[in-house]
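Containing PDB, C-alpha atoms and all ligand atoms: entry.pdb.
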```pdb
ATOM      1  CA  MET A   1      49.442  26.020  19.377  1.00  0.00           C
ATOM      2  CA  SER A   2      50.230  29.655  20.137  1.00  0.00           C
ATOM      3  CA  VAL A   3      49.113  33.219  19.631  1.00  0.00           C
ATOM      4  CA  GLU A   4      49.617  34.283  15.992  1.00  0.00           C
ATOM      5  CA  ASP A   5      53.114  35.663  15.482  1.00  0.00           C
ATOM      6  CA  ASN A   6      53.355  39.316  14.464  1.00  0.00           C
ATOM      7  CA  ARG A   7      49.638  40.099  14.843  1.00  0.00           C
ATOM      8  CA  TYR A   8      50.209  42.505  17.736  1.00  0.00           C
ATOM      9  CA  PRO A   9      50.541  45.391  18.108  1.00  0.00           C
ATOM     10  CA  LEU A  10      47.800  46.241  15.626  1.00  0.00           C
ATOM     11  CA  THR A  11      45.883  49.440  15.055  1.00  0.00           C
ATOM     12  CA  SER A  12      42.173  49.236  14.483  1.00  0.00           C
ATOM     13  CA  ASP A  13      39.942  52.005  13.182  1.00  0.00           C
ATOM     14  CA  LEU A  14      36.927  52.137  15.480  1.00  0.00           C
ATOM     15  CA  ASN A  15      34.517  54.551  13.820  1.00  0.00           C
ATOM     16  CA  GLY A  16      37.307  57.061  13.186  1.00  0.00           C
ATOM     17  CA  LEU A  17      39.169  56.418  16.466  1.00  0.00           C
ATOM     18  CA  ALA A  18      42.580  54.748  16.166  1.00  0.00           C
ATOM     19  CA  ILE A  19      42.847  52.014  18.801  1.00  0.00           C
ATOM     20  CA  GLU A  20      46.094  50.183  19.349  1.00  0.00           C
ATOM     21  CA  ILE A  21      45.792  46.596  20.573  1.00  0.00           C
ATOM     22  CA  ALA A  22      48.930  45.095  22.096  1.00  0.00           C
ATOM     23  CA  MET A  23      49.886  42.111  24.228  1.00  0.00           C
ATOM     24  CA  MET A  24      50.207  42.908  27.921  1.00  0.00           C
ATOM     25  CA  GLY A  25      53.533  42.231  29.635  1.00  0.00           C
ATOM     26  CA  ALA A  26      55.105  42.850  33.034  1.00  0.00           C
ATOM     27  CA  ALA A  27      56.102  46.390  31.972  1.00  0.00           C
ATOM     28  CA  ASP A  28      52.380  47.302  31.757  1.00  0.00           C
ATOM     29  CA  GLU A  29      51.622  46.317  35.368  1.00  0.00           C
ATOM     30  CA  ALA A  30      51.544  49.846  36.829  1.00  0.00           C
ATOM     31  CA  ASP A  31      49.436  51.144  33.909  1.00  0.00           C
ATOM     32  CA  VAL A  32      46.850  48.382  34.256  1.00  0.00           C
ATOM     33  CA  LEU A  33      46.706  48.803  38.037  1.00  0.00           C
ATOM     34  CA  ALA A  34      46.040  52.535  37.603  1.00  0.00           C
ATOM     35  CA  PHE A  35      43.378  51.739  34.964  1.00  0.00           C
ATOM     36  CA  ALA A  36      41.669  49.179  37.247  1.00  0.00           C
ATOM     37  CA  ARG A  37      41.526  51.741  40.054  1.00  0.00           C
ATOM     38  CA  THR A  38      39.556  54.160  37.851  1.00  0.00           C
ATOM     39  CA  LEU A  39      36.784  51.593  37.259  1.00  0.00           C
ATOM     40  CA  PRO A  40      33.563  51.407  39.278  1.00  0.00           C
ATOM     41  CA  PRO A  41      33.998  48.556  41.839  1.00  0.00           C
ATOM     42  CA  HIS A  42      30.810  46.920  40.532  1.00  0.00           C
ATOM     43  CA  ASP A  43      32.468  46.443  37.121  1.00  0.00           C
ATOM     44  CA  LEU A  44      35.187  44.304  38.721  1.00  0.00           C
ATOM     45  CA  LEU A  45      32.873  41.852  40.493  1.00  0.00           C
ATOM     46  CA  PHE A  46      32.976  39.327  37.631  1.00  0.00           C
ATOM     47  CA  LEU A  47      36.693  38.796  38.239  1.00  0.00           C
ATOM     48  CA  ARG A  48      37.575  36.166  40.804  1.00  0.00           C
ATOM     49  CA  ARG A  49      40.075  38.486  42.469  1.00  0.00           C
ATOM     50  CA  ASP A  50      40.277  42.210  43.116  1.00  0.00           C
ATOM     51  CA  ILE A  51      42.712  43.523  40.496  1.00  0.00           C
ATOM     52  CA  THR A  52      43.043  46.887  42.261  1.00  0.00           C
ATOM     53  CA  HIS A  53      45.457  45.164  44.694  1.00  0.00           C
ATOM     54  CA  PRO A  54      49.122  45.262  43.558  1.00  0.00           C
ATOM     55  CA  LYS A  55      49.645  41.630  44.645  1.00  0.00           C
ATOM     56  CA  VAL A  56      46.762  40.443  42.455  1.00  0.00           C
ATOM     57  CA  MET A  57      48.185  42.465  39.551  1.00  0.00           C
ATOM     58  CA  GLN A  58      51.641  40.926  40.133  1.00  0.00           C
ATOM     59  CA  ALA A  59      50.070  37.453  40.068  1.00  0.00           C
ATOM     60  CA  TRP A  60      48.375  38.391  36.769  1.00  0.00           C
ATOM     61  CA  THR A  61      51.653  39.381  35.100  1.00  0.00           C
ATOM     62  CA  ARG A  62      53.361  36.280  36.548  1.00  0.00           C
ATOM     63  CA  GLN A  63      50.676  34.121  34.932  1.00  0.00           C
ATOM     64  CA  ILE A  64      51.210  35.988  31.641  1.00  0.00           C
ATOM     65  CA  GLU A  65      54.904  35.092  31.828  1.00  0.00           C
ATOM     66  CA  GLU A  66      54.042  31.460  32.636  1.00  0.00           C
ATOM     67  CA  GLY A  67      51.630  31.337  29.688  1.00  0.00           C
ATOM     68  CA  SER A  68      48.394  30.614  31.559  1.00  0.00           C
ATOM     69  CA  ILE A  69      47.024  34.096  30.742  1.00  0.00           C
ATOM     70  CA  VAL A  70      47.152  35.965  27.431  1.00  0.00           C
ATOM     71  CA  SER A  71      46.083  39.575  27.940  1.00  0.00           C
ATOM     72  CA  LEU A  72      45.460  42.288  25.390  1.00  0.00           C
ATOM     73  CA  LEU A  73      45.540  46.016  26.107  1.00  0.00           C
ATOM     74  CA  ALA A  74      43.699  48.679  24.101  1.00  0.00           C
ATOM     75  CA  ARG A  75      45.140  52.189  24.000  1.00  0.00           C
ATOM     76  CA  ARG A  76      43.860  55.372  22.452  1.00  0.00           C
ATOM     77  CA  GLU A  77      46.496  58.076  21.973  1.00  0.00           C
ATOM     78  CA  GLY A  78      48.678  56.169  24.451  1.00  0.00           C
ATOM     79  CA  GLN A  79      45.929  56.068  27.097  1.00  0.00           C
ATOM     80  CA  LEU A  80      44.741  52.664  28.320  1.00  0.00           C
ATOM     81  CA  VAL A  81      41.023  52.353  27.497  1.00  0.00           C
ATOM     82  CA  GLY A  82      40.415  48.622  27.785  1.00  0.00           C
ATOM     83  CA  CYS A  83      41.869  45.208  28.423  1.00  0.00           C
ATOM     84  CA  SER A  84      40.992  41.571  28.013  1.00  0.00           C
ATOM     85  CA  ALA A  85      42.350  38.208  29.072  1.00  0.00           C
ATOM     86  CA  VAL A  86      42.105  34.572  28.108  1.00  0.00           C
ATOM     87  CA  VAL A  87      42.765  32.508  31.221  1.00  0.00           C
ATOM     88  CA  ARG A  88      43.423  28.770  31.210  1.00  0.00           C
ATOM     89  CA  ASP A  89      44.822  26.152  33.551  1.00  0.00           C
ATOM     90  CA  GLU A  90      46.664  23.388  31.745  1.00  0.00           C
ATOM     91  CA  MET A  91      47.152  21.427  34.996  1.00  0.00           C
ATOM     92  CA  SER A  92      43.408  21.295  35.742  1.00  0.00           C
ATOM     93  CA  TRP A  93      40.803  18.813  34.488  1.00  0.00           C
ATOM     94  CA  SER A  94      39.737  21.514  32.031  1.00  0.00           C
ATOM     95  CA  PRO A  95      42.896  22.235  30.028  1.00  0.00           C
ATOM     96  CA  HIS A  96      40.676  22.621  26.949  1.00  0.00           C
ATOM     97  CA  VAL A  97      38.642  25.453  28.528  1.00  0.00           C
ATOM     98  CA  GLY A  98      39.560  29.137  28.598  1.00  0.00           C
ATOM     99  CA  ASP A  99      37.823  31.966  30.429  1.00  0.00           C
ATOM    100  CA  LEU A 100      37.525  35.237  28.535  1.00  0.00           C
ATOM    101  CA  ARG A 101      37.482  38.508  30.486  1.00  0.00           C
ATOM    102  CA  VAL A 102      37.012  42.007  29.121  1.00  0.00           C
ATOM    103  CA  LEU A 103      36.947  45.504  30.612  1.00  0.00           C
ATOM    104  CA  VAL A 104      36.437  48.865  28.904  1.00  0.00           C
ATOM    105  CA  ALA A 105      36.812  52.310  30.521  1.00  0.00           C
ATOM    106  CA  PRO A 106      33.321  53.708  31.236  1.00  0.00           C
ATOM    107  CA  GLY A 107      34.039  56.821  29.117  1.00  0.00           C
ATOM    108  CA  GLY A 108      34.918  54.680  26.085  1.00  0.00           C
ATOM    109  CA  ARG A 109      31.952  52.297  26.107  1.00  0.00           C
ATOM    110  CA  ALA A 110      29.208  51.679  23.524  1.00  0.00           C
ATOM    111  CA  ARG A 111      31.594  52.422  20.623  1.00  0.00           C
ATOM    112  CA  GLY A 112      32.477  48.850  19.733  1.00  0.00           C
ATOM    113  CA  LEU A 113      35.678  48.506  21.787  1.00  0.00           C
ATOM    114  CA  GLY A 114      34.291  45.707  23.981  1.00  0.00           C
ATOM    115  CA  ARG A 115      33.281  43.770  20.891  1.00  0.00           C
ATOM    116  CA  LEU A 116      36.704  44.326  19.288  1.00  0.00           C
ATOM    117  CA  LEU A 117      38.526  43.058  22.392  1.00  0.00           C
ATOM    118  CA  ILE A 118      36.246  40.015  22.610  1.00  0.00           C
ATOM    119  CA  GLN A 119      36.839  39.248  18.903  1.00  0.00           C
ATOM    120  CA  GLU A 120      40.623  39.557  19.292  1.00  0.00           C
ATOM    121  CA  SER A 121      40.653  37.443  22.465  1.00  0.00           C
ATOM    122  CA  PHE A 122      38.466  34.833  20.795  1.00  0.00           C
ATOM    123  CA  ARG A 123      41.073  34.681  18.049  1.00  0.00           C
ATOM    124  CA  VAL A 124      43.781  34.250  20.692  1.00  0.00           C
ATOM    125  CA  ALA A 125      41.761  31.401  22.250  1.00  0.00           C
ATOM    126  CA  LEU A 126      41.435  29.684  18.861  1.00  0.00           C
ATOM    127  CA  GLY A 127      45.196  30.024  18.357  1.00  0.00           C
ATOM    128  CA  LEU A 128      45.771  28.362  21.742  1.00  0.00           C
ATOM    129  CA  GLY A 129      43.678  25.395  20.604  1.00  0.00           C
ATOM    130  CA  LEU A 130      41.008  25.883  23.277  1.00  0.00           C
ATOM    131  CA  GLU A 131      37.814  23.906  22.677  1.00  0.00           C
ATOM    132  CA  LYS A 132      35.439  25.777  24.942  1.00  0.00           C
ATOM    133  CA  ILE A 133      35.418  29.402  26.050  1.00  0.00           C
ATOM    134  CA  THR A 134      33.491  30.728  29.030  1.00  0.00           C
ATOM    135  CA  ALA A 135      32.724  34.258  30.145  1.00  0.00           C
ATOM    136  CA  GLN A 136      31.177  35.296  33.414  1.00  0.00           C
ATOM    137  CA  MET A 137      29.559  38.534  34.462  1.00  0.00           C
ATOM    138  CA  THR A 138      27.077  40.003  36.929  1.00  0.00           C
ATOM    139  CA  VAL A 139      23.592  39.642  35.444  1.00  0.00           C
ATOM    140  CA  ASP A 140      23.081  43.417  35.169  1.00  0.00           C
ATOM    141  CA  GLN A 141      25.999  43.819  32.686  1.00  0.00           C
ATOM    142  CA  LYS A 142      23.645  44.080  29.715  1.00  0.00           C
ATOM    143  CA  ALA A 143      26.356  45.277  27.309  1.00  0.00           C
ATOM    144  CA  ALA A 144      28.529  42.278  28.203  1.00  0.00           C
ATOM    145  CA  ILE A 145      25.675  39.809  27.688  1.00  0.00           C
ATOM    146  CA  THR A 146      24.696  41.462  24.365  1.00  0.00           C
ATOM    147  CA  ALA A 147      28.290  41.488  23.127  1.00  0.00           C
ATOM    148  CA  PHE A 148      29.015  37.851  24.009  1.00  0.00           C
ATOM    149  CA  GLU A 149      25.662  36.567  22.715  1.00  0.00           C
ATOM    150  CA  GLY A 150      26.228  38.524  19.484  1.00  0.00           C
ATOM    151  CA  LEU A 151      29.433  36.536  19.006  1.00  0.00           C
ATOM    152  CA  GLY A 152      27.770  33.157  19.492  1.00  0.00           C
ATOM    153  CA  PHE A 153      28.075  32.645  23.258  1.00  0.00           C
ATOM    154  CA  LYS A 154      25.105  30.922  24.939  1.00  0.00           C
ATOM    155  CA  PRO A 155      23.900  31.190  28.560  1.00  0.00           C
ATOM    156  CA  GLU A 156      25.119  28.148  30.474  1.00  0.00           C
ATOM    157  CA  ALA A 157      24.621  28.761  34.196  1.00  0.00           C
ATOM    158  CA  LEU A 158      23.418  31.200  36.798  1.00  0.00           C
ATOM    159  CA  LEU A 159      25.237  31.293  40.133  1.00  0.00           C
ATOM    160  CA  ARG A 160      22.989  32.940  42.683  1.00  0.00           C
ATOM    161  CA  ASP A 161      24.471  35.316  45.305  1.00  0.00           C
ATOM    162  CA  HIS A 162      27.878  34.225  44.099  1.00  0.00           C
ATOM    163  CA  VAL A 163      29.883  37.419  44.646  1.00  0.00           C
ATOM    164  CA  LYS A 164      29.850  39.909  47.516  1.00  0.00           C
ATOM    165  CA  ASP A 165      30.686  43.565  46.891  1.00  0.00           C
ATOM    166  CA  GLY A 166      32.525  45.885  49.286  1.00  0.00           C
ATOM    167  CA  THR A 167      29.276  46.726  51.129  1.00  0.00           C
ATOM    168  CA  GLY A 168      28.465  43.054  51.679  1.00  0.00           C
ATOM    169  CA  GLN A 169      25.686  42.941  49.064  1.00  0.00           C
ATOM    170  CA  LYS A 170      25.537  39.699  47.079  1.00  0.00           C
ATOM    171  CA  HIS A 171      25.126  39.515  43.290  1.00  0.00           C
ATOM    172  CA  ASP A 172      24.238  36.766  40.826  1.00  0.00           C
ATOM    173  CA  ILE A 173      26.772  35.711  38.194  1.00  0.00           C
ATOM    174  CA  ALA A 174      25.810  34.528  34.711  1.00  0.00           C
ATOM    175  CA  ILE A 175      28.125  32.135  32.864  1.00  0.00           C
ATOM    176  CA  LEU A 176      28.037  32.115  29.071  1.00  0.00           C
ATOM    177  CA  SER A 177      30.000  29.713  26.919  1.00  0.00           C
ATOM    178  CA  HIS A 178      31.055  29.084  23.342  1.00  0.00           C
ATOM    179  CA  ASP A 179      31.679  25.610  21.951  1.00  0.00           C
ATOM    180  CA  VAL A 180      34.736  26.248  19.778  1.00  0.00           C
ATOM    181  CA  ALA A 181      35.021  22.627  18.652  1.00  0.00           C
ATOM    182  CA  GLN A 182      31.536  22.912  17.140  1.00  0.00           C
ATOM    183  CA  PHE A 183      32.490  26.286  15.613  1.00  0.00           C
ATOM    184  CA  HIS A 184      35.527  24.613  13.990  1.00  0.00           C
ATOM    185  CA  SER A 185      33.387  21.872  12.473  1.00  0.00           C
ATOM    186  CA  GLN A 186      31.022  24.531  11.105  1.00  0.00           C
ATOM    187  CA  LEU A 187      34.011  26.332   9.513  1.00  0.00           C
ATOM    188  CA  GLU A 188      35.129  22.976   8.114  1.00  0.00           C
ATOM    189  CA  ALA A 189      31.692  22.434   6.594  1.00  0.00           C
ATOM    190  CA  TYR A 190      32.117  25.769   4.785  1.00  0.00           C
ATOM    191  CA  GLY A 191      35.739  24.977   3.806  1.00  0.00           C
ATOM    192  CA  LEU A 192      37.039  27.908   5.869  1.00  0.00           C
ATOM    193  CA  THR A 193      39.467  26.184   8.270  1.00  0.00           C
ATOM    194  CA  ASP A 194      42.537  27.774   6.618  1.00  0.00           C
ATOM    195  CA  MET A 195      41.480  31.064   8.190  1.00  0.00           C
ATOM    196  CA  PHE A 196      42.842  29.889  11.575  1.00  0.00           C
TER     197      PHE A 196
HETATM  198  C1  LIG B   1      31.135  44.569  28.713  1.00  0.00           C
HETATM  199  C2  LIG B   1      31.932  45.741  28.213  1.00  0.00           C
HETATM  200  C3  LIG B   1      33.370  45.308  28.044  1.00  0.00           C
HETATM  201  C4  LIG B   1      31.372  46.193  26.849  1.00  0.00           C
HETATM  202  O1  LIG B   1      32.187  47.227  26.373  1.00  0.00           O
HETATM  203  P1  LIG B   1      31.679  48.247  25.251  1.00  0.00           P
HETATM  204  O2  LIG B   1      32.868  48.906  24.660  1.00  0.00           O
HETATM  205  O3  LIG B   1      30.616  49.118  25.776  1.00  0.00           O
HETATM  206  O4  LIG B   1      31.046  47.221  24.190  1.00  0.00           O
HETATM  207  P2  LIG B   1      30.530  47.540  22.729  1.00  0.00           P
HETATM  208  O5  LIG B   1      30.471  48.995  22.465  1.00  0.00           O
HETATM  209  O6  LIG B   1      31.369  46.717  21.808  1.00  0.00           O
HETATM  210  O7  LIG B   1      29.064  46.970  22.787  1.00  0.00           O
HETATM  211  C5  LIG B   1      28.840  45.593  22.880  1.00  0.00           C
HETATM  212  C6  LIG B   1      27.372  45.315  22.625  1.00  0.00           C
HETATM  213  O8  LIG B   1      26.594  45.746  23.739  1.00  0.00           O
HETATM  214  C7  LIG B   1      25.613  46.688  23.319  1.00  0.00           C
HETATM  215  N1  LIG B   1      25.529  47.651  24.389  1.00  0.00           N
HETATM  216  C8  LIG B   1      26.412  48.633  24.651  1.00  0.00           C
HETATM  217  N2  LIG B   1      26.021  49.295  25.757  1.00  0.00           N
HETATM  218  C9  LIG B   1      24.865  48.712  26.165  1.00  0.00           C
HETATM  219  C10 LIG B   1      23.973  48.927  27.263  1.00  0.00           C
HETATM  220  N3  LIG B   1      24.204  49.888  28.160  1.00  0.00           N
HETATM  221  N4  LIG B   1      22.882  48.117  27.371  1.00  0.00           N
HETATM  222  C11 LIG B   1      22.645  47.124  26.481  1.00  0.00           C
HETATM  223  N5  LIG B   1      23.467  46.865  25.440  1.00  0.00           N
HETATM  224  C12 LIG B   1      24.553  47.653  25.278  1.00  0.00           C
HETATM  225  C13 LIG B   1      26.125  47.237  22.026  1.00  0.00           C
HETATM  226  O9  LIG B   1      25.069  47.661  21.192  1.00  0.00           O
HETATM  227  C14 LIG B   1      26.847  46.053  21.420  1.00  0.00           C
HETATM  228  O10 LIG B   1      25.931  45.181  20.795  1.00  0.00           O
HETATM  229  P3  LIG B   1      26.274  44.540  19.369  1.00  0.00           P
HETATM  230  O11 LIG B   1      27.536  43.734  19.581  1.00  0.00           O
HETATM  231  O12 LIG B   1      25.081  43.709  19.077  1.00  0.00           O
HETATM  232  O13 LIG B   1      26.480  45.695  18.452  1.00  0.00           O
HETATM  233  C15 LIG B   1      31.858  46.940  29.190  1.00  0.00           C
HETATM  234  O14 LIG B   1      30.508  47.263  29.392  1.00  0.00           O
HETATM  235  C16 LIG B   1      32.510  46.672  30.542  1.00  0.00           C
HETATM  236  O15 LIG B   1      33.709  46.854  30.693  1.00  0.00           O
HETATM  237  N6  LIG B   1      31.698  46.235  31.529  1.00  0.00           N
HETATM  238  C17 LIG B   1      32.189  45.948  32.878  1.00  0.00           C
HETATM  239  C18 LIG B   1      32.970  44.675  32.967  1.00  0.00           C
HETATM  240  C19 LIG B   1      32.210  43.445  32.544  1.00  0.00           C
HETATM  241  O16 LIG B   1      31.127  43.159  33.017  1.00  0.00           O
HETATM  242  N7  LIG B   1      32.840  42.700  31.645  1.00  0.00           N
HETATM  243  C20 LIG B   1      32.260  41.479  31.118  1.00  0.00           C
HETATM  244  C21 LIG B   1      32.748  40.311  31.827  1.00  0.00           C
HETATM  245  S1  LIG B   1      33.601  39.160  30.801  1.00  0.00           S
END
```
Is it possible to give me this structure as structure tokens?
Ligand SMILES: CC(C)(COP(=O)(O)OP(=O)(O)OC[C@H]1O[C@@H](n2cnc3c(N)ncnc32)[C@H](O)[C@@H]1OP(=O)(O)O)[C@@H](O)C(=O)NCCC(=O)NCCS
Amino acid sequence: MSVEDNRYPLTSDLNGLAIEIAMMGAADEADVLAFARTLPPHDLLFLRRDITHPKVMQAWTRQIEEGSIVSLLARREGQLVGCSAVVRDEMSWSPHVGDLRVLVAPGGRARGLGRLLIQESFRVALGLGLEKITAQMTVDQKAAITAFEGLGFKPEALLRDHVKDGTGQKHDIAILSHDVAQFHSQLEAYGLTDMF
């Protein structure tokens, strides 16, 4: 299974704003690093590693080249305004599980871009044949929880004091998940499997 050929780049009309969604590649590394550095540090806590470090960013693009990460970038008038990633580890005991990550520039939030990136990444995950998708976030990310729950994700776990910010303060992490295999059988019941 693979990401749908020829789907990206695509332009989506988000309430009158033209947003271009494209696959991220090594050539985007500097752009994404600069974008990450504009974000409030608290918004990056859900990621396992600090993507404002060039070495972490290099590892990200290496994993894209190896195929363990599929990342999408959202641009408005050429300016990066959001990104997402589906991360999987085919050598682990969970090759059927993917973790979905999404980030939107603070100035571009609450206009549907987060939802669009989650929808597109979900589609990527389906194309990769993943059976379960997880998403994790600090518990105060209300928009993230609303967006994921709105797309059928359910709360699965709460990890207390799981991440430490730059000041040493600890934060809880919520893990939501989506059972794609069950979603597929629901589509089958409606005769809609040809859609994917
Ligand atoms: C999560 C995030 C990507 C959402 O981006 P966004 O562009 O604001 O999302 P949307 O505009 O599509 O809104 C998503 C939903 O949240 C709701 N929402 C938006 N802002 C909200 C807020 N401040 N409080 C509560 N709900 C909010 C919207 O109404 C929408 O609900 P709907 O899908 O039922 O219509 C963005 O807030 C972000 O980058 N947060 C920091 C990183 C993070 O925590 N990522 C999630 C980890 S996977």
Shell around range 108-114 of chain A at 8 Å using only C-alpha atoms, local window under 6 positions removed, as a list in words: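 Once the nearby chain positions are removed, what remains is Leu14, Asn15, Val81, Gly82, Val102, Ala143, Ala144 and Ala147 of chain A.
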Which residue of A:Trp60, A:Tyr190, A:Trp93, A:Phe148 approaches ligand LIG 1 (chain B) most closely, using all atoms listed in the file: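 Closest residue, counting all atoms listed in the file: A:Phe148.
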Environment of ligand LIG 1 (chain B) within 9 Å, counting only C-alpha atoms and all ligand atoms, reported as an MDAnalysis selection string: chainID A and resid 39:40 42:47 82:85 99:106 108:118 134:151
CA of Ser92 in chain A to CA of Ile64 in chain A, distance in Å rounded to a single decimal: 17.1 Å
Protein, DNA and RNA residues within 8 Å of (57.0, 38.9, 32.0), only C-alpha atoms, as a list in words: Gly25, Ala26, Ala27, Thr61, Arg62, Ile64 and Glu65 of chain A
Mind writing the picked residues with C-alpha atoms as a short mmCIF file (atom, residue, chain, number, x, y, z; two decimals), in the coordinates of the input?
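Output contents, as saved in selection_37.cif:
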```cif
data_model
loop_
_atom_site.label_atom_id
_atom_site.label_comp_id
_atom_site.auth_asym_id
_atom_site.auth_seq_id
_atom_site.Cartn_x
_atom_site.Cartn_y
_atom_site.Cartn_z
CA GLY A 25 53.53 42.23 29.64
CA ALA A 26 55.10 42.85 33.03
CA ALA A 27 56.10 46.39 31.97
CA THR A 61 51.65 39.38 35.10
CA ARG A 62 53.36 36.28 36.55
CA ILE A 64 51.21 35.99 31.64
CA GLU A 65 54.90 35.09 31.83
#
```
A:Gln169, A:Ala125, A:His162, A:Arg7 ranked by distance to Ala181 in chain A, top pick (using all atoms listed in the file):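 Closest residue, counting all atoms listed in the file: A:Ala125.
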Residue members of the PyMOL selection byres (((chain A and resi 131) around 12) and not hetatm) in the file shown, as an NGL selection string: :A and (88 or 94-99 or 122 or 125-130 or 132-134 or 177-185)
Between CA of Glu77 in chain A and CA of Thr11 in chain A - distance in Å to one decimal: 11.1 Å
d(CA of Pro54 in chain A, CA of Ile173 in chain A) in Å: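 That distance, rounded to one decimal, is 24.9 Å.
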Top pick for closest residue to Asp28 in chain A, considering A:Ser12, A:Ser121, A:Ser71, A:Asn6 and counting all atoms listed in the file: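 Of A:Ser12, A:Ser121, A:Ser71, A:Asn6, the one nearest Asp28 in chain A is A:Ser71, counting all atoms listed in the file.
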Picked residues, the PyMOL selection byres (((chain A and resi 33) around 10) and not hetatm), expected as a list in words: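 This file gives the following for the PyMOL selection byres (((chain A and resi 33) around 10) and not hetatm): Asp28, Glu29, Ala30, Asp31, Val32, Ala34, Phe35, Ala36, Arg37, Thr38, Ile51, Thr52, His53, Pro54, Val56, Met57 and Gln58 of chain A.
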I want to know what sits within 7 Å of Met23 in chain A, based on only C-alpha atoms, with residues of the same chain fewer than 3 positions away left out; could you give that as an mmCIF file with C-alpha atoms, in the coordinates of the input?
```cif
data_model
loop_
_atom_site.group_PDB
_atom_site.id
_atom_site.type_symbol
_atom_site.label_atom_id
_atom_site.label_comp_id
_atom_site.auth_asym_id
_atom_site.auth_seq_id
_atom_site.Cartn_x
_atom_site.Cartn_y
_atom_site.Cartn_z
ATOM 1 C CA TYR A 8 50.209 42.505 17.736
ATOM 2 C CA PRO A 9 50.541 45.391 18.108
ATOM 3 C CA SER A 71 46.083 39.575 27.940
ATOM 4 C CA LEU A 72 45.460 42.288 25.390
ATOM 5 C CA LEU A 73 45.540 46.016 26.107
#
```
